[in-house]
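K.L.:
Here you go, one structure.
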Amino acid sequence: MGRGSQDMPNVLVFGGTTEGREIATWLGARGRCHVVVSSATEYGGSLVEGLPNVESLTGRLSQAEMERLMRGRPFACVIDATHPYAVDVSASVAGAAGACGVPLRRVLREDEPEGPWVGADGPLQAARYVAGRPGNVLLTTGTKDLAVYAETVEGFAERVYARVLPVAASLEAASSLGLAEGHVIAEKGPFSKEANCALIRRLGIDIMVTKASGAAGGFWEKVQAARECGTELVVIHRPVAEDGLTIDQLKDELVGRGIA
């Protein structure tokens, strides 16, 4: 995909999420700007492959690399649509946009819900809670913090199951910590309540750990499955309260500015 005509503004989206795909799809279909979507993983990039007027870049970027990208062509706007738990990435995006003088908009998911589950302020607190409880554990929080559970939960390799993306990096991370193939569920979501229930029952899961990732992350399907199966649910709180726009508010602003 080229860089668009001189008359079409460029928009840079940091995505790899449901919101990133929705924004890129909407902008691309309107055809009034050229969209560059930066995703950390190949899976994230696959969400926007083939969309009209959309260029996909994959690979994790440092703040310096983000700055080089932003200085490489004129961007009318930078949109941070990364995961609400990707605080380091969001900080780098904000730093790069500020250094380059490019307007930045942060896309927010709905407010973190409250409910009848065990809350944890981070993976270590969740791991410590799990360590003090009996039974099999299903982690649905990715591979980034797997090592915390491996170091904290006695019998980690026997008790813990991890649902991860079916990509080499995730499989290697799980294997390196001692999880056998049967304890690694390499599947790509979204997952229905029924799919979650089937997995919980097949593995005999007593505790499921998730993040408060909202509807876009399949959160409520996990809540419903845990309730139906009598499985205890541990929810890791979002790390920070953020300011930003909903997707609808962002769309209205981009239309008003003549970008979309």
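Chain labels A, B, ... are given in the sequence in which chains occur in the structure tokens; within each chain residues are numbered consecutively from 1, and ligands are likewise numbered from 1 in the order shown.
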Write out as JSON, numbers by chain all residues of stretch 11-259 of chain A that backbone DSSP assigns to alpha helix (DSSP H).

P.N.:
{"A": [18, 19, 20, 21, 22, 23, 24, 25, 26, 27, 28, 29, 30, 42, 43, 44, 45, 46, 63, 64, 65, 66, 67, 68, 69, 70, 71, 87, 88, 89, 90, 91, 92, 93, 94, 95, 96, 97, 98, 99, 100, 123, 124, 125, 126, 127, 128, 129, 130, 131, 146, 147, 148, 149, 150, 151, 152, 156, 157, 158, 159, 168, 169, 170, 171, 172, 173, 174, 175, 176, 193, 194, 195, 196, 197, 198, 199, 200, 201, 202, 203, 219, 220, 221, 222, 223, 224, 225, 226, 227, 228, 229, 247, 248, 249, 250, 251, 252, 253, 254, 255, 256]}

K.L.:
For A:Ile205, find every residue with an atom within 10 Å (counting only C-alpha atoms), except residues of its own chain fewer than 6 positions away, and show them as a VMD selection string.

P.N.:
chain A and resid 135 to 138 159 to 161 197 199 226 229 to 232

K.L.:
Keeping N, CA and C atoms for every residue in the selection just given, could you write it to a file as a compact mmCIF listing (two decimals), in the first residue's frame?

P.N.:
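The resulting file, out_37.txt, is reproduced below:
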# COMPACT_ATOMS: atom_id res chain seq x y z
N GLY A 135 -6.85 -26.38 43.65
CA GLY A 135 -7.51 -26.65 42.38
C GLY A 135 -6.77 -26.16 41.16
N ASN A 136 -7.33 -26.50 40.01
CA ASN A 136 -6.75 -26.13 38.72
C ASN A 136 -7.07 -24.68 38.38
N VAL A 137 -6.13 -24.05 37.69
CA VAL A 137 -6.22 -22.62 37.39
C VAL A 137 -6.14 -22.40 35.87
N LEU A 138 -7.02 -21.56 35.35
CA LEU A 138 -6.97 -21.17 33.94
C LEU A 138 -6.60 -19.70 33.86
N ARG A 159 -0.76 -27.44 38.02
CA ARG A 159 -2.05 -26.81 38.35
C ARG A 159 -2.53 -25.82 37.30
N VAL A 160 -1.61 -25.17 36.62
CA VAL A 160 -1.97 -24.02 35.79
C VAL A 160 -2.10 -24.39 34.32
N TYR A 161 -3.17 -23.85 33.71
CA TYR A 161 -3.39 -23.93 32.27
C TYR A 161 -3.41 -22.49 31.75
N CYS A 197 -17.19 -22.35 28.81
CA CYS A 197 -17.72 -23.41 29.67
C CYS A 197 -17.13 -24.76 29.29
N LEU A 199 -14.30 -25.42 27.89
CA LEU A 199 -12.89 -25.50 28.30
C LEU A 199 -12.77 -25.69 29.81
N ALA A 226 -17.98 -18.61 34.11
CA ALA A 226 -17.55 -18.91 35.48
C ALA A 226 -18.75 -19.11 36.39
N CYS A 229 -20.46 -22.48 35.58
CA CYS A 229 -19.67 -23.66 35.94
C CYS A 229 -19.28 -23.71 37.41
N GLY A 230 -19.64 -22.69 38.17
CA GLY A 230 -19.26 -22.65 39.58
C GLY A 230 -17.77 -22.46 39.78
N THR A 231 -17.14 -21.75 38.85
CA THR A 231 -15.70 -21.50 38.89
C THR A 231 -15.43 -20.14 39.51
N GLU A 232 -14.46 -20.08 40.39
CA GLU A 232 -14.11 -18.80 41.01
C GLU A 232 -13.41 -17.92 39.97

K.L.:
Quick one: distance from atom CA of A:Leu165 to atom CA of A:Val184 in Å, one decimal?

P.N.:
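According to the coordinates, atom CA of A:Leu165 and atom CA of A:Val184 are separated by 9.8 Å.
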
K.L.:
Could you check how far atom CA of A:Ser56 sits from atom CA of A:Arg238, in Å to one decimal?

P.N.:
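The value is 27.7 Å.
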
K.L.:
Could you check the closest approach to A:Gln249 for each of A:Trp220, A:Val107, A:Glu49, A:Arg32 and tell me which residue wins, using only C-alpha atoms?

P.N.:
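Closest candidate: A:Val107.
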
K.L.:
Go through A:Gln63, A:Arg201, A:Gly16, A:Gly189 one by one, measure the shortest atom-to-atom distance of each to A:Ser46 using only C-alpha atoms, and give the residue with the smallest value.

P.N.:
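Residue with the minimum atom-to-atom distance to A:Ser46: A:Gly16.
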
K.L.:
As a PyMOL selection string, please: all residues of stretch 17-234 of chain A that backbone DSSP puts in strand (DSSP E or B).

P.N.:
chain A and resi 34-39+54-58+75-80+104-107+118-120+136-139+160-164+184-186+205-211+232-234

K.L.:
Which of these residues is nearest to A:Gly244, using only C-alpha atoms: A:Met8, A:Leu177, A:Leu108, A:Leu124?

P.N.:
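Comparing A:Met8, A:Leu177, A:Leu108, A:Leu124 against A:Gly244, the winner is A:Leu108.
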
K.L.:
Show me, as number ranges by chain, the residues that have an atom within 8 Å of A:Glu187 when counting only C-alpha atoms, minus same-chain residues fewer than 5 positions from it.

P.N.:
A: 163-166

K.L.:
Pick out the closest residue to A:Leu254 from this set: A:Leu51, A:Met70, A:Ala150, A:Cys77. Count only C-alpha atoms.

P.N.:
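When distances to A:Leu254 are compared using only C-alpha atoms, the smallest one comes from A:Cys77.
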